$ cat query.csv   # CSV, C-alpha atoms
chain,number,residue,atom,x,y,z
A,142,MET,CA,0.0,0.0,0.0
A,143,SER,CA,1.1,3.6,-0.6
A,144,ARG,CA,0.7,5.7,2.5
A,145,ALA,CA,0.1,9.4,3.2
A,146,GLY,CA,1.3,10.1,6.7
A,147,GLN,CA,1.0,8.4,10.1
A,148,SER,CA,-1.7,10.5,11.7
A,149,ALA,CA,-4.7,9.5,13.8
A,150,VAL,CA,-6.1,8.0,10.5
A,151,ARG,CA,-3.8,6.3,7.9
A,152,VAL,CA,-4.8,7.0,4.4
A,153,GLU,CA,-3.6,4.4,1.9
A,154,ARG,CA,-4.2,3.5,-1.7
A,155,ASP,CA,-4.6,-0.2,-2.6
A,156,GLU,CA,-1.6,-0.9,-4.8
A,157,THR,CA,-3.4,-3.8,-6.5
A,158,GLU,CA,-6.6,-1.8,-7.1
A,159,PRO,CA,-6.0,2.0,-6.8
A,160,ARG,CA,-9.7,2.7,-6.9
A,161,VAL,CA,-9.9,1.4,-3.3
A,162,LEU,CA,-9.0,3.8,-0.6
A,163,TRP,CA,-8.2,2.5,2.9
A,164,LEU,CA,-8.8,4.6,6.0
A,165,THR,CA,-7.3,3.0,9.1
A,166,LEU,CA,-8.2,4.4,12.5
A,167,ASN,CA,-4.8,4.7,14.1
A,168,ARG,CA,-4.9,5.1,17.9
A,169,PRO,CA,-4.3,1.5,18.8
A,170,ARG,CA,-3.1,2.2,22.3
A,171,VAL,CA,-6.6,3.5,23.3
A,172,LEU,CA,-8.5,1.0,21.0
A,173,ASN,CA,-8.9,3.7,18.4
A,174,ALA,CA,-11.0,5.9,20.7
A,175,TYR,CA,-12.4,8.7,18.6
A,176,ASP,CA,-10.9,12.2,19.5
A,177,CYS,CA,-10.7,15.6,17.8
A,178,ALA,CA,-7.5,14.6,16.0
A,179,MET,CA,-9.1,11.5,14.6
A,180,ARG,CA,-12.2,13.5,13.6
A,181,ASP,CA,-10.0,16.0,11.6
A,182,ALA,CA,-7.9,13.3,10.0
A,183,LEU,CA,-11.0,11.2,9.1
A,184,PHE,CA,-12.7,14.2,7.6
A,185,GLU,CA,-9.6,14.8,5.4
A,186,GLY,CA,-9.5,11.2,4.2
A,187,LEU,CA,-13.2,11.3,3.4
A,188,GLU,CA,-12.8,14.6,1.6
A,189,LEU,CA,-10.1,13.0,-0.6
A,190,ALA,CA,-12.5,10.3,-1.5
A,191,ARG,CA,-15.2,12.8,-2.2
A,192,VAL,CA,-13.3,14.9,-4.7
A,193,ASP,CA,-11.4,12.0,-6.4
A,194,ASP,CA,-13.7,10.5,-9.0
A,195,ASP,CA,-11.3,7.5,-9.3
A,196,VAL,CA,-12.1,6.3,-5.8
A,197,GLY,CA,-14.8,3.7,-6.1
A,198,VAL,CA,-14.6,2.1,-2.6
A,199,VAL,CA,-13.6,3.4,0.8
A,200,VAL,CA,-12.6,0.8,3.4
A,201,LEU,CA,-12.8,1.9,7.1
A,202,ARG,CA,-10.9,-0.3,9.6
A,203,GLY,CA,-9.0,0.0,12.9
A,204,ALA,CA,-5.3,-0.6,13.7
A,205,GLY,CA,-4.3,-2.9,16.5
A,206,ARG,CA,-6.7,-4.9,18.6
A,207,ALA,CA,-10.0,-3.1,17.9
A,208,PHE,CA,-12.0,-1.3,15.3
A,209,SER,CA,-13.0,1.5,17.7
A,210,SER,CA,-14.0,1.7,21.3
A,211,GLY,CA,-16.1,4.9,20.6
A,212,GLY,CA,-15.6,8.4,21.8
A,213,ASP,CA,-12.5,9.3,23.8
A,214,LEU,CA,-13.9,10.0,27.3
A,215,ALA,CA,-10.7,11.8,28.2
A,216,GLU,CA,-11.8,14.6,25.8
A,217,PHE,CA,-15.3,15.1,27.0
A,218,GLY,CA,-15.8,18.6,28.3
A,219,THR,CA,-12.5,19.9,27.0
A,220,ALA,CA,-14.0,21.9,24.0
A,221,PRO,CA,-13.3,25.7,24.3
A,222,SER,CA,-17.1,26.4,24.4
A,223,PRO,CA,-20.3,24.7,23.4
A,224,ILE,CA,-20.8,27.2,20.6
A,225,ARG,CA,-17.3,26.6,19.2
A,226,ALA,CA,-17.8,22.8,19.5
A,227,ARG,CA,-21.1,23.0,17.5
A,228,GLU,CA,-19.5,25.2,14.9
A,229,ILE,CA,-16.6,22.7,14.4
A,230,ARG,CA,-19.1,19.8,14.0
A,231,ARG,CA,-21.1,21.8,11.5
A,232,VAL,CA,-18.1,22.7,9.4
A,233,ARG,CA,-16.5,19.3,9.7
A,234,ASP,CA,-19.5,17.0,9.8
A,235,VAL,CA,-17.7,13.7,9.5
A,236,TRP,CA,-20.8,11.6,9.8
A,237,GLU,CA,-22.7,13.4,7.1
A,238,ARG,CA,-19.7,13.2,4.8
A,239,LEU,CA,-19.3,9.4,5.5
A,240,SER,CA,-23.0,8.7,4.9
A,241,THR,CA,-23.2,10.7,1.6
A,242,LEU,CA,-19.9,9.8,0.0
A,243,PRO,CA,-20.1,9.0,-3.7
A,244,ALA,CA,-17.9,5.9,-3.3
A,245,VAL,CA,-19.2,2.7,-1.8
A,246,THR,CA,-18.2,2.4,1.9
A,247,LEU,CA,-17.1,-0.8,3.6
A,248,ALA,CA,-16.4,-1.2,7.3
A,249,SER,CA,-14.0,-4.0,8.3
A,250,VAL,CA,-14.6,-4.7,12.0
A,251,HIS,CA,-12.5,-6.7,14.4
A,252,GLY,CA,-12.2,-6.6,18.2
A,253,VAL,CA,-14.4,-4.1,19.8
A,254,ALA,CA,-16.8,-1.8,18.0
A,255,ALA,CA,-18.6,0.1,20.7
A,256,GLY,CA,-20.6,3.3,20.9
A,257,GLY,CA,-19.5,5.7,18.2
A,258,GLY,CA,-17.2,3.0,16.8
A,259,LEU,CA,-20.2,0.8,15.9
A,260,GLU,CA,-22.2,3.7,14.8
A,261,MET,CA,-19.4,4.7,12.4
A,262,ALA,CA,-19.5,1.2,10.9
A,263,LEU,CA,-23.3,1.4,10.5
A,264,LEU,CA,-23.0,4.5,8.4
A,265,CYS,CA,-21.2,2.4,5.8
A,266,ASP,CA,-22.9,0.6,3.0
A,267,LEU,CA,-21.4,-2.8,4.0
A,268,VAL,CA,-20.1,-4.1,7.2
A,269,LEU,CA,-17.8,-7.2,7.4
A,270,CYS,CA,-16.8,-8.3,10.8
A,271,ALA,CA,-14.8,-11.0,12.5
A,272,ARG,CA,-16.8,-13.7,14.2
A,273,ASP,CA,-15.3,-12.9,17.6
A,274,ALA,CA,-15.8,-9.2,17.3
A,275,ARG,CA,-17.8,-7.5,20.1
A,276,LEU,CA,-20.4,-4.9,19.0
A,277,MET,CA,-22.3,-2.8,21.4
A,278,LEU,CA,-24.0,0.6,22.1
A,279,PRO,CA,-23.5,1.2,25.8
A,280,GLU,CA,-24.5,4.9,25.9
A,281,THR,CA,-27.7,4.5,27.9
A,282,GLY,CA,-25.8,2.9,30.8
A,283,LEU,CA,-23.6,6.1,30.8
A,284,GLY,CA,-26.6,8.4,30.9
A,285,ALA,CA,-26.5,9.3,27.3
A,286,ILE,CA,-27.9,8.3,23.9
A,287,PRO,CA,-25.9,7.4,20.7
A,288,GLY,CA,-24.7,10.6,19.1
A,289,VAL,CA,-23.5,9.3,15.7
A,290,GLY,CA,-26.8,8.2,14.2
A,291,GLY,CA,-27.2,4.9,16.1
A,292,THR,CA,-30.9,5.6,16.9
A,293,GLN,CA,-31.6,5.9,13.2
A,294,THR,CA,-29.2,3.5,11.5
A,295,LEU,CA,-29.8,0.6,13.9
A,296,PRO,CA,-33.6,0.3,13.4
A,297,ARG,CA,-33.1,0.5,9.7
A,298,ALA,CA,-30.7,-2.4,9.8
A,299,ILE,CA,-32.4,-4.8,12.1
A,300,GLY,CA,-35.9,-3.5,12.8
A,301,GLU,CA,-37.3,-1.4,15.7
A,302,GLY,CA,-37.8,-4.3,18.2
A,303,ARG,CA,-34.3,-5.6,18.1
A,304,ALA,CA,-32.8,-2.1,17.9
A,305,ALA,CA,-34.7,-1.0,21.0
A,306,SER,CA,-33.4,-3.9,23.0
A,307,LEU,CA,-29.8,-3.3,22.0
A,308,LEU,CA,-30.1,0.5,22.6
A,309,LEU,CA,-31.9,0.2,25.9
A,310,LEU,CA,-30.1,-2.8,27.4
A,311,GLY,CA,-26.6,-2.0,25.9
A,312,GLU,CA,-26.2,-5.7,25.2
A,313,ALA,CA,-23.0,-6.9,23.4
A,314,LEU,CA,-23.2,-9.1,20.4
A,315,ASP,CA,-20.5,-11.2,18.8
A,316,GLY,CA,-20.0,-11.2,15.0
A,317,VAL,CA,-21.9,-14.4,14.4
A,318,ARG,CA,-25.1,-13.2,16.1
A,319,ALA,CA,-24.7,-9.7,14.5
A,320,ALA,CA,-24.6,-11.4,11.1
A,321,ARG,CA,-27.6,-13.6,12.0
A,322,ILE,CA,-29.8,-10.6,12.8
A,323,GLY,CA,-28.6,-8.5,9.8
A,324,LEU,CA,-26.6,-6.0,11.8
A,325,VAL,CA,-23.5,-6.8,9.6
A,326,SER,CA,-23.3,-8.1,6.1
A,327,GLN,CA,-21.2,-11.1,6.9
A,328,ALA,CA,-19.0,-12.5,9.8
A,329,VAL,CA,-15.9,-14.4,8.9
A,330,PRO,CA,-13.1,-16.0,11.0
A,331,ALA,CA,-10.7,-13.3,12.3
A,332,GLY,CA,-7.8,-14.7,10.3
A,333,ARG,CA,-9.8,-14.3,7.1
A,334,LEU,CA,-11.2,-10.8,7.7
A,335,ASP,CA,-8.4,-8.9,5.9
A,336,ALA,CA,-8.4,-11.1,2.9
A,337,THR,CA,-12.2,-11.1,2.6
A,338,THR,CA,-12.3,-7.3,2.9
A,339,ARG,CA,-9.7,-6.9,0.2
A,340,ARG,CA,-11.6,-9.3,-2.1
A,341,TRP,CA,-14.9,-7.5,-1.6
A,342,ALA,CA,-13.4,-4.0,-2.0
A,343,ARG,CA,-11.5,-4.9,-5.2
A,344,ARG,CA,-14.5,-6.7,-6.7
A,345,ILE,CA,-16.8,-3.7,-6.1
A,346,ALA,CA,-14.2,-1.2,-7.3
A,347,ARG,CA,-14.0,-3.1,-10.6
A,348,LEU,CA,-17.7,-2.7,-11.3
A,349,ASP,CA,-18.8,-0.2,-14.0
A,350,PRO,CA,-18.6,3.1,-12.2
A,351,ALA,CA,-22.0,4.2,-13.7
A,352,VAL,CA,-23.7,1.0,-12.5
A,353,ARG,CA,-22.1,1.3,-9.1
A,354,ARG,CA,-23.2,4.9,-8.6
A,355,VAL,CA,-26.8,4.3,-9.9
A,356,LEU,CA,-27.3,1.2,-7.8
A,357,ARG,CA,-26.1,2.9,-4.7
A,358,GLU,CA,-28.2,6.0,-5.3
A,359,SER,CA,-31.3,3.8,-5.8
A,360,MET,CA,-30.8,2.0,-2.5
A,361,ARG,CA,-29.9,5.1,-0.5
A,362,ARG,CA,-32.7,7.3,-1.8
A,363,GLY,CA,-35.2,4.5,-1.8
A,364,ARG,CA,-34.8,3.2,1.7
A,365,ASP,CA,-37.1,5.8,3.2
A,366,LEU,CA,-39.7,5.8,0.4
A,367,PRO,CA,-42.9,3.9,0.2
A,368,LEU,CA,-42.5,0.9,-2.0
A,369,ALA,CA,-44.4,2.4,-4.9
A,370,ASP,CA,-42.3,5.5,-4.9
A,371,GLY,CA,-39.2,3.4,-4.6
A,372,LEU,CA,-40.1,1.4,-7.7
A,373,VAL,CA,-40.6,4.6,-9.6
A,374,LEU,CA,-37.2,5.8,-8.5
A,375,GLU,CA,-35.6,2.6,-9.6
A,376,LYS,CA,-37.2,2.8,-13.1
A,377,ARG,CA,-36.1,6.4,-13.5
A,378,LEU,CA,-32.5,5.6,-12.5
A,379,ALA,CA,-32.4,2.5,-14.7
A,380,ARG,CA,-33.5,4.6,-17.7
A,381,ARG,CA,-30.8,7.2,-16.8
A,382,LEU,CA,-28.2,4.4,-16.7
A,383,GLY,CA,-29.4,3.1,-20.1
A,384,ARG,CA,-28.9,6.5,-21.6
A,385,GLN,CA,-25.3,6.6,-20.3
A,386,LYS,CA,-24.4,3.3,-22.0
A,387,PRO,CA,-22.9,3.4,-25.5
$ encode --input "query.csv" --output "structure tokens"
Amino acid sequence: MSRAGQSAVRVERDETEPRVLWLTLNRPRVLNAYDCAMRDALFEGLELARVDDDVGVVVLRGAGRAFSSGGDLAEFGTAPSPIRAREIRRVRDVWERLSTLPAVTLASVHGVAAGGGLEMALLCDLVLCARDARLMLPETGLGAIPGVGGTQTLPRAIGEGRAASLLLLGEALDGVRAARIGLVSQAVPAGRLDATTRRWARRIARLDPAVRRVLRESMRRGRDLPLADGLVLEKRLARRLGRQKP
């Protein structure tokens, strides 16, 4: 891989398939807890993917023993002011950027994915995880609620009933159960996670870019529409795709 710096997020091009961009959360000593430095570095990596039309797939993963343990509690309350903190989040809205990226997004999850770490993964189009991964949203036990979209993405992924139990009880799931209930796309043995991630990312990156973009747009825009409206959207996008073909 070719690398650009050793910051809180490593940004790397896949040398075999340069249309794949790897973003690796890089604070392994604290299980990739998410802090301001990681926010800024992740925003920059996502911005690179947004402006580079050659990027077809963005893979999000964690260095060391975990994907991400969530927000760094050591930073809570250290912002200069609530107003300044809100302004920074508005200007550098990492979660909006991740959820609206033109490229397909793939989270590769191992170890712990807790709180904002799991929510980050759920904002991606696909989630691969190790069978022994531990996924949880423990915020309610800390007197808070998920702040990175978990109350919205989780019910869409697994239904309101299952989502409510996970959100209210803070129960931890392993990768096998997470795959069984549809929380993740697939769970594989930990030793095969990296190879499977590479295979998926490269295969998606080699799809016709127009097909990839239209398919993704149809799924994203249609998920909150009534079925009849979603079918109309699909037909319209299919016609548009047909006009783009030689």
$ residues_around --input "query.csv" --residues "Leu348 in chain A" --least-positions-apart "4" --cutoff "12 Å" --atoms "all atoms listed in the file" --output "ChimeraX atom specification"
/A:158,160-161,196-198,244-245,341-344,352-356
$ residues_around --input "query.csv" --residues "Leu310 in chain A" --least-positions-apart "3" --cutoff "10 Å" --atoms "all atoms listed in the file" --output "ChimeraX atom specification"
/A:277-282,304-307,313
$ write_last_selection --input "query.csv" --atoms "C-alpha atoms" --output "CSV table (one decimal), keeping the file's coordinate frame"
chain,number,residue,atom,x,y,z
A,277,MET,CA,-22.3,-2.8,21.4
A,278,LEU,CA,-24.0,0.6,22.1
A,279,PRO,CA,-23.5,1.2,25.8
A,280,GLU,CA,-24.5,4.9,25.9
A,281,THR,CA,-27.7,4.5,27.9
A,282,GLY,CA,-25.8,2.9,30.8
A,304,ALA,CA,-32.8,-2.1,17.9
A,305,ALA,CA,-34.7,-1.0,21.0
A,306,SER,CA,-33.4,-3.9,23.0
A,307,LEU,CA,-29.8,-3.3,22.0
A,313,ALA,CA,-23.0,-6.9,23.4
$ closest_residue --input "query.csv" --among "A:Ala182, A:Val200, A:Leu276, A:Leu269" --to "Glu312 in chain A" --atoms "only C-alpha atoms"
A:Leu276
$ residues_around --input "query.csv" --residues "Gly256 in chain A" --least-positions-apart "2" --cutoff "9 Å" --atoms "all atoms listed in the file" --output "VMD selection string"
chain A and resid 209 to 212 254 258 to 261 276 to 280 287 to 289 291
$ write_last_selection --input "query.csv" --atoms "C-alpha atoms" --output "short mmCIF file (atom, residue, chain, number, x, y, z; two decimals), keeping the file's coordinate frame"
data_model
loop_
_atom_site.label_atom_id
_atom_site.label_comp_id
_atom_site.auth_asym_id
_atom_site.auth_seq_id
_atom_site.Cartn_x
_atom_site.Cartn_y
_atom_site.Cartn_z
CA SER A 209 -13.00 1.50 17.70
CA SER A 210 -14.00 1.70 21.30
CA GLY A 211 -16.10 4.90 20.60
CA GLY A 212 -15.60 8.40 21.80
CA ALA A 254 -16.80 -1.80 18.00
CA GLY A 258 -17.20 3.00 16.80
CA LEU A 259 -20.20 0.80 15.90
CA GLU A 260 -22.20 3.70 14.80
CA MET A 261 -19.40 4.70 12.40
CA LEU A 276 -20.40 -4.90 19.00
CA MET A 277 -22.30 -2.80 21.40
CA LEU A 278 -24.00 0.60 22.10
CA PRO A 279 -23.50 1.20 25.80
CA GLU A 280 -24.50 4.90 25.90
CA PRO A 287 -25.90 7.40 20.70
CA GLY A 288 -24.70 10.60 19.10
CA VAL A 289 -23.50 9.30 15.70
CA GLY A 291 -27.20 4.90 16.10
#
$ residues_around --input "query.csv" --residues "Lys376 in chain A" --least-positions-apart "4" --cutoff "12 Å" --atoms "only C-alpha atoms" --output "list in words"
Val355, Leu356, Ser359, Gly363, Ala369, Asp370, Gly371, Leu372, Arg380, Arg381, Leu382 and Gly383 of chain A
$ closest_residue --input "query.csv" --among "A:Glu237, A:Asp194, A:Asp266, A:Asp181" --to "Met360 in chain A" --atoms "all atoms listed in the file"
A:Asp266
$ atom_distance --input "query.csv" --atom1 "CA of Cys265 in chain A" --atom2 "CA of Arg170 in chain A"
24.5 Å
$ closest_residue --input "query.csv" --among "A:Thr246, A:Leu368, A:Gly316, A:Asp193" --to "Ile345 in chain A" --atoms "all atoms listed in the file"
A:Thr246
$ residues_around --input "query.csv" --residues "Ala298 in chain A" --least-positions-apart "3" --cutoff "12 Å" --atoms "only C-alpha atoms" --output "PDB file with C-alpha atoms, in the coordinates of the input"
ATOM      1  CA  GLU A 260     -22.200   3.700  14.800  1.00  0.00           C
ATOM      2  CA  ALA A 262     -19.500   1.200  10.900  1.00  0.00           C
ATOM      3  CA  LEU A 263     -23.300   1.400  10.500  1.00  0.00           C
ATOM      4  CA  LEU A 264     -23.000   4.500   8.400  1.00  0.00           C
ATOM      5  CA  CYS A 265     -21.200   2.400   5.800  1.00  0.00           C
ATOM      6  CA  ASP A 266     -22.900   0.600   3.000  1.00  0.00           C
ATOM      7  CA  LEU A 267     -21.400  -2.800   4.000  1.00  0.00           C
ATOM      8  CA  VAL A 268     -20.100  -4.100   7.200  1.00  0.00           C
ATOM      9  CA  GLY A 291     -27.200   4.900  16.100  1.00  0.00           C
ATOM     10  CA  THR A 292     -30.900   5.600  16.900  1.00  0.00           C
ATOM     11  CA  GLN A 293     -31.600   5.900  13.200  1.00  0.00           C
ATOM     12  CA  THR A 294     -29.200   3.500  11.500  1.00  0.00           C
ATOM     13  CA  LEU A 295     -29.800   0.600  13.900  1.00  0.00           C
ATOM     14  CA  GLU A 301     -37.300  -1.400  15.700  1.00  0.00           C
ATOM     15  CA  GLY A 302     -37.800  -4.300  18.200  1.00  0.00           C
ATOM     16  CA  ARG A 303     -34.300  -5.600  18.100  1.00  0.00           C
ATOM     17  CA  ALA A 304     -32.800  -2.100  17.900  1.00  0.00           C
ATOM     18  CA  ALA A 305     -34.700  -1.000  21.000  1.00  0.00           C
ATOM     19  CA  ALA A 319     -24.700  -9.700  14.500  1.00  0.00           C
ATOM     20  CA  ALA A 320     -24.600 -11.400  11.100  1.00  0.00           C
ATOM     21  CA  ARG A 321     -27.600 -13.600  12.000  1.00  0.00           C
ATOM     22  CA  ILE A 322     -29.800 -10.600  12.800  1.00  0.00           C
ATOM     23  CA  GLY A 323     -28.600  -8.500   9.800  1.00  0.00           C
ATOM     24  CA  LEU A 324     -26.600  -6.000  11.800  1.00  0.00           C
ATOM     25  CA  VAL A 325     -23.500  -6.800   9.600  1.00  0.00           C
ATOM     26  CA  SER A 326     -23.300  -8.100   6.100  1.00  0.00           C
ATOM     27  CA  ARG A 364     -34.800   3.200   1.700  1.00  0.00           C
TER      28      ARG A 364
END
$ closest_residue --input "query.csv" --among "A:Asn167, A:Ser249, A:Ser240, A:Gln327" --to "Arg339 in chain A" --atoms "all atoms listed in the file"
A:Ser249
$ closest_residue --input "query.csv" --among "A:Cys270, A:Ala346, A:Ala336, A:Val235" --to "Cys177 in chain A" --atoms "only C-alpha atoms"
A:Val235
$ closest_residue --input "query.csv" --among "A:Leu242, A:Ala255, A:Val317, A:Ala248" --to "Asp273 in chain A" --atoms "only C-alpha atoms"
A:Val317
$ atom_distance --input "query.csv" --atom1 "CA of Leu166 in chain A" --atom2 "CA of Gly205 in chain A"
9.2 Å
$ atom_distance --input "query.csv" --atom1 "CA of Val250 in chain A" --atom2 "CA of Ala351 in chain A"
28.2 Å
$ build_atoms --input "query.csv" --residues "range 277-302 of chain A" --atoms "N, CA and C atoms" --output "PDB file, in the frame of the given file"
ATOM      1  N   MET A 277     -21.414  -3.247  20.398  1.00  0.00           N
ATOM      2  CA  MET A 277     -22.300  -2.800  21.400  1.00  0.00           C
ATOM      3  C   MET A 277     -22.554  -1.283  21.360  1.00  0.00           C
ATOM      4  N   LEU A 278     -23.692  -0.864  21.921  1.00  0.00           N
ATOM      5  CA  LEU A 278     -24.000   0.600  22.100  1.00  0.00           C
ATOM      6  C   LEU A 278     -24.345   0.786  23.550  1.00  0.00           C
ATOM      7  N   PRO A 279     -23.339   1.107  24.359  1.00  0.00           N
ATOM      8  CA  PRO A 279     -23.500   1.200  25.800  1.00  0.00           C
ATOM      9  C   PRO A 279     -23.941   2.540  26.341  1.00  0.00           C
ATOM     10  N   GLU A 280     -24.301   3.466  25.462  1.00  0.00           N
ATOM     11  CA  GLU A 280     -24.500   4.900  25.900  1.00  0.00           C
ATOM     12  C   GLU A 280     -25.543   5.027  26.979  1.00  0.00           C
ATOM     13  N   THR A 281     -26.658   4.294  26.895  1.00  0.00           N
ATOM     14  CA  THR A 281     -27.700   4.500  27.900  1.00  0.00           C
ATOM     15  C   THR A 281     -27.233   4.212  29.297  1.00  0.00           C
ATOM     16  N   GLY A 282     -26.335   3.244  29.431  1.00  0.00           N
ATOM     17  CA  GLY A 282     -25.800   2.900  30.800  1.00  0.00           C
ATOM     18  C   GLY A 282     -24.888   4.035  31.280  1.00  0.00           C
ATOM     19  N   LEU A 283     -24.470   4.941  30.396  1.00  0.00           N
ATOM     20  CA  LEU A 283     -23.600   6.100  30.800  1.00  0.00           C
ATOM     21  C   LEU A 283     -24.431   7.365  30.888  1.00  0.00           C
ATOM     22  N   GLY A 284     -25.758   7.241  30.824  1.00  0.00           N
ATOM     23  CA  GLY A 284     -26.600   8.400  30.900  1.00  0.00           C
ATOM     24  C   GLY A 284     -26.683   9.247  29.685  1.00  0.00           C
ATOM     25  N   ALA A 285     -26.492   8.613  28.517  1.00  0.00           N
ATOM     26  CA  ALA A 285     -26.500   9.300  27.300  1.00  0.00           C
ATOM     27  C   ALA A 285     -27.244   8.490  26.213  1.00  0.00           C
ATOM     28  N   ILE A 286     -27.357   9.034  25.016  1.00  0.00           N
ATOM     29  CA  ILE A 286     -27.900   8.300  23.900  1.00  0.00           C
ATOM     30  C   ILE A 286     -26.845   8.287  22.789  1.00  0.00           C
ATOM     31  N   PRO A 287     -26.905   7.356  21.845  1.00  0.00           N
ATOM     32  CA  PRO A 287     -25.900   7.400  20.700  1.00  0.00           C
ATOM     33  C   PRO A 287     -25.985   8.743  20.030  1.00  0.00           C
ATOM     34  N   GLY A 288     -24.796   9.238  19.675  1.00  0.00           N
ATOM     35  CA  GLY A 288     -24.700  10.600  19.100  1.00  0.00           C
ATOM     36  C   GLY A 288     -24.172  10.557  17.651  1.00  0.00           C
ATOM     37  N   VAL A 289     -24.002   9.364  17.054  1.00  0.00           N
ATOM     38  CA  VAL A 289     -23.500   9.300  15.700  1.00  0.00           C
ATOM     39  C   VAL A 289     -24.456   8.521  14.815  1.00  0.00           C
ATOM     40  N   GLY A 290     -25.746   8.729  15.098  1.00  0.00           N
ATOM     41  CA  GLY A 290     -26.800   8.200  14.200  1.00  0.00           C
ATOM     42  C   GLY A 290     -27.308   6.827  14.612  1.00  0.00           C
ATOM     43  N   GLY A 291     -26.859   6.270  15.744  1.00  0.00           N
ATOM     44  CA  GLY A 291     -27.200   4.900  16.100  1.00  0.00           C
ATOM     45  C   GLY A 291     -28.735   4.705  16.264  1.00  0.00           C
ATOM     46  N   THR A 292     -29.461   5.711  16.771  1.00  0.00           N
ATOM     47  CA  THR A 292     -30.900   5.600  16.900  1.00  0.00           C
ATOM     48  C   THR A 292     -31.630   5.524  15.599  1.00  0.00           C
ATOM     49  N   GLN A 293     -30.954   5.922  14.534  1.00  0.00           N
ATOM     50  CA  GLN A 293     -31.600   5.900  13.200  1.00  0.00           C
ATOM     51  C   GLN A 293     -31.069   4.764  12.334  1.00  0.00           C
ATOM     52  N   THR A 294     -29.757   4.518  12.347  1.00  0.00           N
ATOM     53  CA  THR A 294     -29.200   3.500  11.500  1.00  0.00           C
ATOM     54  C   THR A 294     -29.558   2.063  12.019  1.00  0.00           C
ATOM     55  N   LEU A 295     -29.578   1.890  13.328  1.00  0.00           N
ATOM     56  CA  LEU A 295     -29.800   0.600  13.900  1.00  0.00           C
ATOM     57  C   LEU A 295     -31.210   0.028  13.564  1.00  0.00           C
ATOM     58  N   PRO A 296     -32.292   0.804  13.790  1.00  0.00           N
ATOM     59  CA  PRO A 296     -33.600   0.300  13.400  1.00  0.00           C
ATOM     60  C   PRO A 296     -33.738  -0.006  11.928  1.00  0.00           C
ATOM     61  N   ARG A 297     -33.069   0.775  11.093  1.00  0.00           N
ATOM     62  CA  ARG A 297     -33.100   0.500   9.700  1.00  0.00           C
ATOM     63  C   ARG A 297     -32.415  -0.786   9.292  1.00  0.00           C
ATOM     64  N   ALA A 298     -31.417  -1.137  10.079  1.00  0.00           N
ATOM     65  CA  ALA A 298     -30.700  -2.400   9.800  1.00  0.00           C
ATOM     66  C   ALA A 298     -31.337  -3.610  10.305  1.00  0.00           C
ATOM     67  N   ILE A 299     -31.902  -3.556  11.510  1.00  0.00           N
ATOM     68  CA  ILE A 299     -32.400  -4.800  12.100  1.00  0.00           C
ATOM     69  C   ILE A 299     -33.832  -4.713  12.622  1.00  0.00           C
ATOM     70  N   GLY A 300     -34.520  -3.610  12.357  1.00  0.00           N
ATOM     71  CA  GLY A 300     -35.900  -3.500  12.800  1.00  0.00           C
ATOM     72  C   GLY A 300     -35.982  -2.815  14.181  1.00  0.00           C
ATOM     73  N   GLU A 301     -37.132  -2.235  14.463  1.00  0.00           N
ATOM     74  CA  GLU A 301     -37.300  -1.400  15.700  1.00  0.00           C
ATOM     75  C   GLU A 301     -37.209  -2.271  16.954  1.00  0.00           C
ATOM     76  N   GLY A 302     -37.799  -3.468  16.942  1.00  0.00           N
ATOM     77  CA  GLY A 302     -37.800  -4.300  18.200  1.00  0.00           C
ATOM     78  C   GLY A 302     -36.417  -4.668  18.613  1.00  0.00           C
TER      79      GLY A 302
END
